[in-house]
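This is run_16.pdb (PDB, C-alpha atoms).
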ATOM      1  CA  MET A 282    -163.670 118.080  38.496
ATOM      2  CA  LYS A 283    -164.499 114.724  36.898
ATOM      3  CA  ARG A 284    -167.777 116.097  35.529
ATOM      4  CA  PHE A 285    -165.980 119.169  34.237
ATOM      5  CA  LEU A 286    -163.350 117.089  32.407
ATOM      6  CA  THR A 287    -166.054 114.876  30.925
ATOM      7  CA  PHE A 288    -167.943 117.953  29.726
ATOM      8  CA  LEU A 289    -164.740 119.447  28.308
ATOM      9  CA  SER A 290    -163.770 116.275  26.438
ATOM     10  CA  ARG A 291    -167.260 115.911  24.968
ATOM     11  CA  GLY A 292    -167.219 119.535  23.911
ATOM     12  CA  LEU A 293    -163.850 119.076  22.235
ATOM     13  CA  LEU A 294    -165.055 115.965  20.425
ATOM     14  CA  PHE A 295    -168.126 117.864  19.266
ATOM     15  CA  LEU A 296    -166.008 120.696  17.866
ATOM     16  CA  ILE A 297    -163.709 118.240  16.096
ATOM     17  CA  ALA A 298    -166.730 116.502  14.569
ATOM     18  CA  ILE A 299    -168.117 119.838  13.333
ATOM     19  CA  ALA A 300    -164.722 120.769  11.822
ATOM     20  CA  ILE A 301    -164.507 117.415  10.016
ATOM     21  CA  ILE A 302    -167.987 117.889   8.600
ATOM     22  CA  LEU A 303    -167.209 121.426   7.424
ATOM     23  CA  ILE A 304    -163.920 120.375   5.816
ATOM     24  CA  ASN A 305    -165.422 117.395   3.987
ATOM     25  CA  TYR A 306    -168.795 118.783   2.965
ATOM     26  CA  ARG A 307    -168.627 120.052  -0.612
ATOM     27  CA  PRO A 308    -171.223 122.608  -1.730
ATOM     28  CA  ASN A 309    -172.969 121.689  -4.974
ATOM     29  CA  VAL A 310    -171.380 123.253  -8.079
ATOM     30  CA  PRO A 311    -173.883 122.897 -10.940
ATOM     31  CA  GLN A 312    -171.434 124.094 -13.618
ATOM     32  CA  LEU A 313    -169.309 120.971 -13.109
ATOM     33  CA  GLY A 314    -172.189 119.100 -14.716
ATOM     34  CA  THR A 315    -173.400 121.787 -17.094
ATOM     35  CA  PHE A 316    -170.005 122.251 -18.728
ATOM     36  CA  ALA A 317    -168.749 118.670 -18.381
ATOM     37  CA  TYR A 318    -166.837 117.649 -21.509
ATOM     38  CA  GLN A 319    -168.756 115.447 -23.906
ATOM     39  CA  LEU A 320    -167.170 113.765 -26.924
ATOM     40  CA  THR A 321    -168.915 115.421 -29.876
ATOM     41  CA  GLY A 322    -167.942 113.070 -32.677
ATOM     42  CA  HIS A 323    -166.137 115.893 -34.514
ATOM     43  CA  ASP A 324    -162.670 114.417 -34.008
ATOM     44  CA  THR A 325    -160.880 114.946 -37.322
ATOM     45  CA  GLY A 326    -158.097 112.504 -36.513
ATOM     46  CA  GLY A 327    -155.434 114.957 -35.371
ATOM     47  CA  ARG A 328    -152.592 113.773 -33.164
ATOM     48  CA  LEU A 329    -152.593 116.596 -30.619
ATOM     49  CA  GLN A 330    -154.157 115.498 -27.328
ATOM     50  CA  ILE A 331    -154.547 116.877 -23.828
ATOM     51  CA  GLN A 332    -155.123 115.343 -20.414
ATOM     52  CA  PHE A 333    -156.139 117.085 -17.183
ATOM     53  CA  ILE A 334    -154.549 115.669 -14.037
ATOM     54  CA  GLY A 335    -156.014 117.996 -11.406
ATOM     55  CA  ASN A 336    -155.053 121.415 -10.033
ATOM     56  CA  THR A 337    -152.925 122.904 -12.848
ATOM     57  CA  ASN A 338    -151.455 119.653 -14.207
ATOM     58  CA  VAL A 339    -152.023 119.742 -17.974
ATOM     59  CA  LEU A 340    -150.482 117.129 -20.274
ATOM     60  CA  VAL A 341    -150.066 118.090 -23.938
ATOM     61  CA  THR A 342    -148.857 115.518 -26.475
ATOM     62  CA  ASP A 343    -148.839 114.783 -30.192
ATOM     63  CA  GLY A 344    -147.488 111.280 -29.702
ATOM     64  CA  ASP A 345    -143.908 112.255 -30.498
ATOM     65  CA  HIS A 346    -143.387 115.083 -28.004
ATOM     66  CA  THR A 347    -145.036 115.611 -24.635
ATOM     67  CA  ILE A 348    -145.111 118.448 -22.112
ATOM     68  CA  LEU A 349    -146.549 118.434 -18.601
ATOM     69  CA  THR A 350    -147.219 121.489 -16.482
ATOM     70  CA  ASP A 351    -146.445 121.127 -12.763
ATOM     71  CA  GLY A 352    -146.632 117.364 -12.267
ATOM     72  CA  PHE A 353    -148.005 117.780  -8.737
ATOM     73  CA  PHE A 354    -149.226 114.398  -7.481
ATOM     74  CA  THR A 355    -148.300 114.194  -3.783
ATOM     75  CA  ARG A 356    -151.119 116.368  -2.399
ATOM     76  CA  PRO A 357    -150.180 116.470   1.317
ATOM     77  CA  SER A 358    -153.023 116.733   3.804
ATOM     78  CA  LEU A 359    -154.364 119.993   5.178
ATOM     79  CA  ILE A 360    -152.978 119.021   8.605
ATOM     80  CA  GLN A 361    -149.474 118.613   7.157
ATOM     81  CA  PHE A 362    -149.775 121.948   5.366
ATOM     82  CA  LEU A 363    -150.860 123.843   8.467
ATOM     83  CA  TRP A 364    -148.807 122.233  11.233
ATOM     84  CA  GLY A 365    -146.150 119.985   9.771
ATOM     85  CA  GLU A 366    -143.610 119.603   7.016
ATOM     86  CA  ILE A 367    -144.245 118.326   3.520
ATOM     87  CA  GLU A 368    -142.233 116.388   0.954
ATOM     88  CA  PRO A 369    -142.748 114.587  -2.342
ATOM     89  CA  ASN A 370    -144.243 111.111  -2.051
ATOM     90  CA  VAL A 371    -142.371 109.010  -4.602
ATOM     91  CA  ASP A 372    -144.874 106.141  -4.514
ATOM     92  CA  VAL A 373    -147.807 108.476  -5.130
ATOM     93  CA  ILE A 374    -145.910 110.167  -7.975
ATOM     94  CA  LYS A 375    -145.197 106.798  -9.600
ATOM     95  CA  GLN A 376    -148.858 105.817  -9.291
ATOM     96  CA  GLY A 377    -149.942 109.124 -10.827
ATOM     97  CA  LEU A 378    -147.583 108.794 -13.777
ATOM     98  CA  LYS A 379    -148.782 105.244 -14.374
ATOM     99  CA  GLN A 380    -152.441 106.282 -14.180
ATOM    100  CA  ALA A 381    -151.802 109.061 -16.697
ATOM    101  CA  GLY A 382    -149.878 106.730 -18.999
ATOM    102  CA  ILE A 383    -146.756 108.895 -18.776
ATOM    103  CA  GLU A 384    -143.411 107.234 -19.420
ATOM    104  CA  LYS A 385    -141.360 109.892 -21.221
ATOM    105  CA  LEU A 386    -141.698 113.687 -21.184
ATOM    106  CA  ASP A 387    -139.803 116.409 -23.015
ATOM    107  CA  ALA A 388    -140.395 119.026 -20.325
ATOM    108  CA  VAL A 389    -141.975 119.568 -16.925
ATOM    109  CA  ILE A 390    -142.959 123.215 -16.487
ATOM    110  CA  PRO A 391    -144.396 124.532 -13.190
ATOM    111  CA  VAL A 392    -146.640 127.576 -13.529
ATOM    112  CA  HIS A 393    -144.868 128.954 -10.427
ATOM    113  CA  SER A 394    -142.925 127.633  -7.454
ATOM    114  CA  HIS A 395    -145.499 127.172  -4.677
ATOM    115  CA  PHE A 396    -145.594 123.637  -3.284
ATOM    116  CA  ASP A 397    -148.901 122.763  -4.988
ATOM    117  CA  HIS A 398    -147.243 123.296  -8.353
ATOM    118  CA  ALA A 399    -143.492 122.709  -8.198
ATOM    119  CA  MET A 400    -142.767 120.480  -5.182
ATOM    120  CA  ASP A 401    -142.923 117.245  -7.213
ATOM    121  CA  SER A 402    -141.717 118.685 -10.528
ATOM    122  CA  PRO A 403    -138.015 117.687 -10.314
ATOM    123  CA  ILE A 404    -138.878 114.107  -9.354
ATOM    124  CA  VAL A 405    -141.389 113.848 -12.207
ATOM    125  CA  ALA A 406    -138.762 115.242 -14.600
ATOM    126  CA  GLN A 407    -136.162 112.789 -13.273
ATOM    127  CA  MET A 408    -138.491 109.799 -13.663
ATOM    128  CA  THR A 409    -139.451 110.777 -17.225
ATOM    129  CA  ARG A 410    -136.006 111.989 -18.407
ATOM    130  CA  ALA A 411    -137.420 115.468 -18.996
ATOM    131  CA  LYS A 412    -136.056 118.984 -18.813
ATOM    132  CA  LEU A 413    -137.159 121.050 -15.814
ATOM    133  CA  VAL A 414    -138.213 124.472 -17.079
ATOM    134  CA  GLY A 415    -139.042 127.561 -15.048
ATOM    135  CA  SER A 416    -137.660 130.227 -12.772
ATOM    136  CA  GLU A 417    -134.507 130.183 -10.675
ATOM    137  CA  SER A 418    -136.771 129.461  -7.698
ATOM    138  CA  THR A 419    -137.974 126.271  -9.374
ATOM    139  CA  MET A 420    -134.364 125.335 -10.069
ATOM    140  CA  ASN A 421    -133.617 125.627  -6.339
ATOM    141  CA  ILE A 422    -136.390 123.125  -5.659
ATOM    142  CA  GLY A 423    -134.644 120.852  -8.148
ATOM    143  CA  ARG A 424    -131.240 121.382  -6.557
ATOM    144  CA  GLY A 425    -132.606 120.435  -3.159
ATOM    145  CA  LEU A 426    -133.697 117.116  -4.659
ATOM    146  CA  GLY A 427    -130.398 116.515  -6.461
ATOM    147  CA  PHE A 428    -131.778 117.188  -9.938
ATOM    148  CA  PRO A 429    -128.998 117.482 -12.578
ATOM    149  CA  GLU A 430    -128.082 121.038 -13.604
ATOM    150  CA  GLU A 431    -127.741 120.003 -17.243
ATOM    151  CA  GLN A 432    -131.432 119.089 -17.335
ATOM    152  CA  MET A 433    -132.543 122.526 -16.071
ATOM    153  CA  ILE A 434    -133.677 125.390 -18.282
ATOM    154  CA  VAL A 435    -134.172 128.793 -16.671
ATOM    155  CA  ALA A 436    -136.869 130.406 -18.787
ATOM    156  CA  GLU A 437    -136.597 133.904 -20.184
ATOM    157  CA  SER A 438    -139.965 135.586 -20.337
ATOM    158  CA  GLY A 439    -141.251 135.863 -23.895
ATOM    159  CA  VAL A 440    -138.459 133.771 -25.453
ATOM    160  CA  PRO A 441    -139.728 130.569 -27.118
ATOM    161  CA  ILE A 442    -138.224 127.146 -26.348
ATOM    162  CA  GLU A 443    -138.711 124.391 -28.904
ATOM    163  CA  PHE A 444    -139.455 120.812 -27.939
ATOM    164  CA  GLY A 445    -139.744 119.019 -31.242
ATOM    165  CA  SER A 446    -143.069 119.977 -32.790
ATOM    166  CA  MET A 447    -144.018 122.284 -29.918
ATOM    167  CA  LYS A 448    -142.931 125.858 -29.361
ATOM    168  CA  VAL A 449    -143.302 126.832 -25.724
ATOM    169  CA  THR A 450    -143.180 130.408 -24.444
ATOM    170  CA  LEU A 451    -143.331 131.354 -20.775
ATOM    171  CA  ILE A 452    -144.703 134.845 -20.121
ATOM    172  CA  GLU A 453    -143.962 136.135 -16.635
ATOM    173  CA  GLY A 454    -147.074 137.554 -15.053
ATOM    174  CA  LYS A 455    -148.566 137.882 -11.611
ATOM    175  CA  HIS A 456    -150.059 135.536  -9.036
ATOM    176  CA  TRP A 457    -153.581 135.898  -7.714
ATOM    177  CA  PRO A 458    -153.343 138.463  -4.869
ATOM    178  CA  TYR A 459    -154.071 136.611  -1.630
ATOM    179  CA  PRO A 460    -156.684 138.403   0.494
ATOM    180  CA  ASP A 461    -154.726 137.211   3.560
ATOM    181  CA  GLU A 462    -152.003 139.847   3.888
ATOM    182  CA  ALA A 463    -149.777 137.732   6.140
ATOM    183  CA  MET A 464    -149.774 134.846   3.662
ATOM    184  CA  ALA A 465    -149.224 137.219   0.749
ATOM    185  CA  GLU A 466    -146.192 138.715   2.452
ATOM    186  CA  LYS A 467    -144.683 135.255   3.025
ATOM    187  CA  LEU A 468    -145.402 133.657  -0.341
ATOM    188  CA  LEU A 469    -145.899 136.274  -3.066
ATOM    189  CA  ASN A 470    -143.231 138.313  -4.860
ATOM    190  CA  GLN A 471    -140.586 136.231  -3.091
ATOM    191  CA  GLU A 472    -137.782 134.092  -4.493
ATOM    192  CA  ILE A 473    -136.469 130.741  -3.297
ATOM    193  CA  THR A 474    -132.841 131.748  -2.872
ATOM    194  CA  ARG A 475    -131.334 128.449  -1.740
ATOM    195  CA  PRO A 476    -132.076 124.768  -2.392
ATOM    196  CA  ILE A 477    -135.066 123.367  -0.508
ATOM    197  CA  ILE A 478    -134.215 120.022   1.061
ATOM    198  CA  PRO A 479    -137.459 118.262   2.024
ATOM    199  CA  PRO A 480    -139.195 117.686   4.322
ATOM    200  CA  ALA A 481    -139.802 121.409   4.617
ATOM    201  CA  SER A 482    -142.505 123.889   5.501
ATOM    202  CA  ALA A 483    -145.010 124.729   2.782
ATOM    203  CA  MET A 484    -144.060 128.357   3.462
ATOM    204  CA  ASP A 485    -140.563 127.661   2.086
ATOM    205  CA  TYR A 486    -142.027 127.279  -1.391
ATOM    206  CA  LYS A 487    -142.144 130.937  -2.475
ATOM    207  CA  GLU A 488    -143.792 132.107  -5.685
ATOM    208  CA  GLY A 489    -140.656 132.785  -7.724
ATOM    209  CA  ALA A 490    -142.121 133.774 -11.087
ATOM    210  CA  SER A 491    -145.720 133.113 -12.165
ATOM    211  CA  TYR A 492    -146.093 132.228 -15.824
ATOM    212  CA  THR A 493    -148.652 132.023 -18.553
ATOM    213  CA  ILE A 494    -147.428 129.117 -20.674
ATOM    214  CA  ILE A 495    -148.115 129.379 -24.412
ATOM    215  CA  ILE A 496    -147.852 126.123 -26.387
ATOM    216  CA  GLU A 497    -147.919 126.407 -30.171
ATOM    217  CA  HIS A 498    -148.389 123.381 -32.425
ATOM    218  CA  GLU A 499    -149.492 123.047 -36.017
ATOM    219  CA  GLU A 500    -152.776 121.512 -34.831
ATOM    220  CA  GLY A 501    -153.612 124.179 -32.257
ATOM    221  CA  THR A 502    -152.389 126.791 -29.832
ATOM    222  CA  MET A 503    -153.154 126.844 -26.140
ATOM    223  CA  ALA A 504    -152.330 128.804 -23.015
ATOM    224  CA  ILE A 505    -152.079 127.539 -19.448
ATOM    225  CA  HIS A 506    -152.775 130.460 -17.101
ATOM    226  CA  GLY A 507    -152.468 128.801 -13.730
ATOM    227  CA  SER A 508    -153.180 131.616 -11.287
ATOM    228  CA  ALA A 509    -155.944 134.224 -11.293
ATOM    229  CA  GLY A 510    -153.636 137.231 -11.520
ATOM    230  CA  TYR A 511    -152.531 139.421 -14.407
ATOM    231  CA  ILE A 512    -150.217 142.161 -15.634
ATOM    232  CA  PRO A 513    -151.854 144.577 -18.095
ATOM    233  CA  ASN A 514    -151.106 144.111 -21.799
ATOM    234  CA  ILE A 515    -148.381 141.427 -21.584
ATOM    235  CA  LEU A 516    -150.535 138.834 -23.371
ATOM    236  CA  ASP A 517    -151.886 141.120 -26.082
ATOM    237  CA  GLU A 518    -149.705 139.729 -28.879
ATOM    238  CA  TYR A 519    -150.843 136.134 -28.353
ATOM    239  CA  ASP A 520    -153.957 134.478 -29.695
ATOM    240  CA  VAL A 521    -154.926 130.943 -28.665
ATOM    241  CA  ASP A 522    -157.532 128.323 -29.444
ATOM    242  CA  ILE A 523    -157.807 126.929 -25.905
ATOM    243  CA  LEU A 524    -157.229 128.686 -22.590
ATOM    244  CA  PHE A 525    -156.696 126.586 -19.476
ATOM    245  CA  LEU A 526    -157.752 129.194 -16.949
ATOM    246  CA  GLY A 527    -156.962 129.133 -13.238
ATOM    247  CA  VAL A 528    -160.189 130.251 -11.577
ATOM    248  CA  ALA A 529    -159.438 129.836  -7.850
ATOM    249  CA  GLY A 530    -159.871 133.139  -6.054
ATOM    250  CA  LEU A 531    -161.796 135.097  -8.679
ATOM    251  CA  GLU A 532    -164.832 134.987  -6.401
ATOM    252  CA  THR A 533    -162.914 136.834  -3.651
ATOM    253  CA  MET A 534    -162.016 139.761  -5.923
ATOM    254  CA  ASP A 535    -164.141 142.853  -6.587
ATOM    255  CA  ASP A 536    -165.863 143.682  -9.878
ATOM    256  CA  SER A 537    -163.063 146.006 -10.965
ATOM    257  CA  PHE A 538    -160.414 143.302 -10.586
ATOM    258  CA  ASN A 539    -162.506 140.744 -12.441
ATOM    259  CA  ALA A 540    -163.221 143.156 -15.273
ATOM    260  CA  ASP A 541    -159.506 143.847 -15.673
ATOM    261  CA  PHE A 542    -158.698 140.147 -15.413
ATOM    262  CA  GLN A 543    -161.148 139.508 -18.219
ATOM    263  CA  THR A 544    -159.600 142.251 -20.355
ATOM    264  CA  HIS A 545    -155.947 141.355 -19.846
ATOM    265  CA  VAL A 546    -156.156 137.547 -19.773
ATOM    266  CA  THR A 547    -159.212 136.038 -21.433
ATOM    267  CA  GLY A 548    -159.918 138.958 -23.705
ATOM    268  CA  ALA A 549    -156.285 139.354 -24.691
ATOM    269  CA  LEU A 550    -155.778 135.666 -25.514
ATOM    270  CA  ASN A 551    -159.163 135.452 -27.282
ATOM    271  CA  PRO A 552    -159.714 131.683 -26.979
ATOM    272  CA  GLU A 553    -162.552 129.762 -28.575
ATOM    273  CA  LEU A 554    -162.648 127.443 -25.576
ATOM    274  CA  ILE A 555    -162.010 128.015 -21.850
ATOM    275  CA  VAL A 556    -161.101 125.033 -19.677
ATOM    276  CA  PRO A 557    -161.220 125.853 -15.941
ATOM    277  CA  ILE A 558    -158.253 124.598 -13.909
ATOM    278  CA  HIS A 559    -157.039 125.161 -10.331
ATOM    279  CA  TRP A 560    -160.601 124.571  -9.128
ATOM    280  CA  ASP A 561    -160.269 121.325  -7.191
ATOM    281  CA  ASP A 562    -159.177 120.817  -3.580
ATOM    282  CA  PHE A 563    -155.471 119.937  -3.875
ATOM    283  CA  PHE A 564    -155.393 118.490  -0.357
ATOM    284  CA  VAL A 565    -157.570 115.585  -1.551
ATOM    285  CA  PRO A 566    -155.593 112.638  -3.028
ATOM    286  CA  LEU A 567    -156.123 112.104  -6.747
ATOM    287  CA  LYS A 568    -157.171 108.507  -6.070
ATOM    288  CA  ARG A 569    -160.364 109.971  -4.560
ATOM    289  CA  GLY A 570    -161.124 111.943  -7.713
ATOM    290  CA  LEU A 571    -161.497 115.690  -8.092
ATOM    291  CA  LYS A 572    -163.373 117.446  -5.289
ATOM    292  CA  SER A 573    -164.369 121.091  -5.043
ATOM    293  CA  ARG A 574    -163.323 123.142  -2.016
ATOM    294  CA  GLY A 575    -164.949 122.319   1.314
ATOM    295  CA  LEU A 576    -167.574 124.366   3.132
ATOM    296  CA  LEU A 577    -165.082 125.454   5.823
ATOM    297  CA  GLU A 578    -162.858 127.140   3.235
ATOM    298  CA  LYS A 579    -165.910 128.888   1.830
ATOM    299  CA  MET A 580    -166.882 130.144   5.300
ATOM    300  CA  LEU A 581    -163.376 131.280   6.284
ATOM    301  CA  GLN A 582    -161.933 132.553   3.008
ATOM    302  CA  GLY A 583    -164.912 133.043   0.731
ATOM    303  CA  MET A 584    -163.681 130.385  -1.723
ATOM    304  CA  ASP A 585    -166.706 129.413  -3.795
ATOM    305  CA  LEU A 586    -166.248 127.568  -7.077
ATOM    306  CA  GLU A 587    -169.830 128.125  -8.217
ATOM    307  CA  THR A 588    -169.339 131.888  -8.013
ATOM    308  CA  SER A 589    -165.942 131.882  -9.738
ATOM    309  CA  LEU A 590    -167.281 129.812 -12.637
ATOM    310  CA  LYS A 591    -170.306 132.092 -12.866
ATOM    311  CA  ILE A 592    -167.938 135.073 -13.204
ATOM    312  CA  VAL A 593    -166.101 133.358 -16.071
ATOM    313  CA  GLU A 594    -169.348 132.325 -17.749
ATOM    314  CA  GLU A 595    -170.965 135.771 -17.533
ATOM    315  CA  ASN A 596    -167.851 137.484 -18.884
ATOM    316  CA  ASN A 597    -167.531 135.105 -21.843
ATOM    317  CA  PRO A 598    -171.013 134.614 -23.320
ATOM    318  CA  ASN A 599    -169.653 133.870 -26.809
ATOM    319  CA  ARG A 600    -167.000 131.361 -25.759
ATOM    320  CA  LYS A 601    -167.336 127.683 -24.978
ATOM    321  CA  LEU A 602    -166.521 126.336 -21.517
ATOM    322  CA  ALA A 603    -165.563 122.735 -20.849
ATOM    323  CA  VAL A 604    -164.809 121.008 -17.550
ATOM    324  CA  ILE A 605    -162.332 118.245 -18.399
ATOM    325  CA  PRO A 606    -162.552 114.957 -16.450
ATOM    326  CA  LEU A 607    -159.581 113.585 -14.561
ATOM    327  CA  TRP A 608    -157.200 111.203 -16.421
ATOM    328  CA  LYS A 609    -159.130 111.254 -19.721
ATOM    329  CA  THR A 610    -156.994 111.755 -22.845
ATOM    330  CA  ILE A 611    -158.903 114.050 -25.174
ATOM    331  CA  PRO A 612    -158.148 114.863 -28.837
ATOM    332  CA  VAL A 613    -157.887 118.625 -29.276
ATOM    333  CA  SER A 614    -159.836 118.262 -32.514
ATOM    334  CA  SER A 615    -162.851 117.027 -30.532
ATOM    335  CA  LEU A 616    -162.921 120.244 -28.530
TER     336      LEU A 616
END
How would this structure read if it were set down as structure tokens?
Amino acid sequence: MKRFLTFLSRGLLFLIAIAIILINYRPNVPQLGTFAYQLTGHDTGGRLQIQFIGNTNVLVTDGDHTILTDGFFTRPSLIQFLWGEIEPNVDVIKQGLKQAGIEKLDAVIPVHSHFDHAMDSPIVAQMTRAKLVGSESTMNIGRGLGFPEEQMIVAESGVPIEFGSMKVTLIEGKHWPYPDEAMAEKLLNQEITRPIIPPASAMDYKEGASYTIIIEHEEGTMAIHGSAGYIPNILDEYDVDILFLGVAGLETMDDSFNADFQTHVTGALNPELIVPIHWDDFFVPLKRGLKSRGLLEKMLQGMDLETSLKIVEENNPNRKLAVIPLWKTIPVSSL
């Protein structure tokens, strides 16, 4: 019996070691170097600037008015996501805002209401005296955190909201269709119908509405398309200079889906520049930098950043691609 228990414990330790290696090993993604942003020297002195803060956090500012999508800084661990409860980490949020140089925002706008987008949004809005903008599901995340009703704006799809020099339009679309049917049934096409009081299960953070966020400014127009889903033709009337494109999951879809995605998102918006977002592992703290998905996720779910970026590159031979570094404030004119 003693030998058996020793053998069993060693076997368990071996399996744990293998799992840790698979989770932490990151396959090489050459495009992260090939398309890495380089300052070109063509900055014409415009005021409009952007900053990428991981996942689908995009900061847009002209110095007078500033908008942040999502504001997701907490990044709970994979263990917490799978077997525990999650909640915003106020200290981590404060550190993230400080690192990004954010003191005051006009609006915090989650691209949808899953935890990796909207869980921290009300706290970020509270700390920066911003409006919280989004779906009724996002508002219920705010209510669970005691966010003031008067600072909430429930968006109406296609109706612009003005924040000083910026005109912001949320277009309700569709989330990337999870290949895992059980997860899709729990999280997609579902509303958050009552306030979420954290700590809570990650499964409590339903999709709500998924948006493409159009930001228009006299110095440029951009779209933040946070999830690799689409609804045909809803973006046809918009034309942008820069598209922040959520690429996670494209590699798991068939050629027909990716062709339609190209037609109804990238082709419809017709950007000069595509900036990939939603490519990094959002279970890794931002203090460790941006990391691509681990080998285990590639083996179990087929998530492969190299392939998804290759799909975007091959479908857009006449457009520029740029991978934006974490925390760096970049003049739009230099892009």
Item to check | Atomic separation - CA of Thr588 in chain A relative to CA of Pro566 in chain A, Å | outcome: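 Calculated distance between CA of Pro566 in chain A and CA of Thr588 in chain A is 24.2 Å.
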Next on the checklist: Give me the residues near range 353-367 of chain A as a count of residues only, where near means some atom within 8 Å (using all atoms listed in the file) and where sequence neighbours in that chain fewer than 5 positions away do not count.
Outcome noted: 20
Checklist outcome for this item: Using only C-alpha atoms, the residue out of A:Glu500, A:Glu384, A:Glu368, A:Glu518 with shortest distance to Gly439 in chain A is A:Glu518
Next on the checklist: Would you compute the distance between CA of Arg328 in chain A and CA of Leu554 in chain A? Give it in Å to one decimal.
Outcome noted: 18.6 Å
Item to check | Spatial neighbours of range 311-317 of chain A, max dist 7 Å, all atoms listed in the file, sep filter under 4 positions, as a PyMOL selection string | outcome: chain A and resi 587+602-605
Item to check | Which residue of A:Leu340, A:Ala406, A:Met464, A:Val435 approaches Val613 in chain A most closely, using only C-alpha atoms | outcome: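 Using only C-alpha atoms, the shortest distance to Val613 in chain A belongs to A:Leu340.
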Item to check | Nearest to Met484 in chain A, chosen from A:Lys609, A:Lys375, A:Lys467, A:His393, with only C-alpha atoms counted in the distances | outcome: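 Once distances to Met484 in chain A are computed over only C-alpha atoms, the minimum belongs to A:Lys467.
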Next on the checklist: With the PyMOL selection byres ((chain A and resi 434) around 8) as the selection, what would be picked from this file? Answer as a list in words, please.
Outcome noted: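 Applying the expression gives Lys412, Leu413, Val414, Gly415, Gln432, Met433, Val435 and Ala436 of chain A.
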Could you save those same residues with C-alpha atoms as a compact mmCIF listing (two decimals), in the coordinates of the input?
# COMPACT_ATOMS: atom_id res chain seq x y z
CA LYS A 412 -136.06 118.98 -18.81
CA LEU A 413 -137.16 121.05 -15.81
CA VAL A 414 -138.21 124.47 -17.08
CA GLY A 415 -139.04 127.56 -15.05
CA GLN A 432 -131.43 119.09 -17.34
CA MET A 433 -132.54 122.53 -16.07
CA VAL A 435 -134.17 128.79 -16.67
CA ALA A 436 -136.87 130.41 -18.79
Checklist entry - Which residues come within 9 Å of Met503 in chain A, counting all atoms listed in the file, excluding same-chain residues fewer than 4 positions away, as a count of residues only? => result 12
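The nearest approach to Thr342 in chain A among the residues A:Gln407, A:Ser589, A:Ser446, A:Ser491, with all atoms listed in the file taken into account, belongs to A:Ser446.
Distance-wise, CA of Pro308 in chain A and CA of Lys568 in chain A end up 20.4 Å apart.
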Next on the checklist: Please enumerate the residues selected by the PyMOL selection byres ((chain A and resi 345) around 12) when evaluated against the supplied file, formatted as a ChimeraX atom specification.
Outcome noted: /A:328-330,341-344,346-348,385-387,444-447
File output, range 439-471 of chain A (C-alpha atoms) as a CSV table (one decimal), in the first residue's frame:
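Below is the file that was written, decode_37.csv:
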chain,number,residue,atom,x,y,z
A,439,GLY,CA,-26.9,53.2,-34.1
A,440,VAL,CA,-27.6,56.3,-32.1
A,441,PRO,CA,-24.6,58.6,-31.6
A,442,ILE,CA,-23.5,59.9,-28.2
A,443,GLU,CA,-21.3,63.0,-28.0
A,444,PHE,CA,-18.5,63.3,-25.6
A,445,GLY,CA,-17.0,66.7,-26.4
A,446,SER,CA,-15.1,66.4,-29.6
A,447,MET,CA,-15.9,62.7,-30.0
A,448,LYS,CA,-19.0,61.2,-31.5
A,449,VAL,CA,-19.5,57.6,-30.3
A,450,THR,CA,-21.9,55.1,-31.9
A,451,LEU,CA,-22.5,51.6,-30.5
A,452,ILE,CA,-23.7,49.2,-33.2
A,453,GLU,CA,-25.2,46.0,-31.7
A,454,GLY,CA,-23.7,42.9,-33.4
A,455,LYS,CA,-22.9,39.4,-32.5
A,456,HIS,CA,-20.3,37.6,-30.3
A,457,TRP,CA,-17.9,35.1,-31.7
A,458,PRO,CA,-19.8,31.7,-31.7
A,459,TYR,CA,-18.1,29.5,-29.1
A,460,PRO,CA,-17.3,26.1,-30.5
A,461,ASP,CA,-18.1,24.7,-27.0
A,462,GLU,CA,-21.9,24.4,-27.1
A,463,ALA,CA,-22.3,24.2,-23.3
A,464,MET,CA,-20.4,27.4,-22.8
A,465,ALA,CA,-22.3,29.1,-25.6
A,466,GLU,CA,-25.6,28.2,-24.1
A,467,LYS,CA,-24.6,29.7,-20.7
A,468,LEU,CA,-22.9,32.9,-21.9
A,469,LEU,CA,-24.1,33.9,-25.4
A,470,ASN,CA,-27.4,35.5,-26.3
A,471,GLN,CA,-28.2,35.9,-22.6
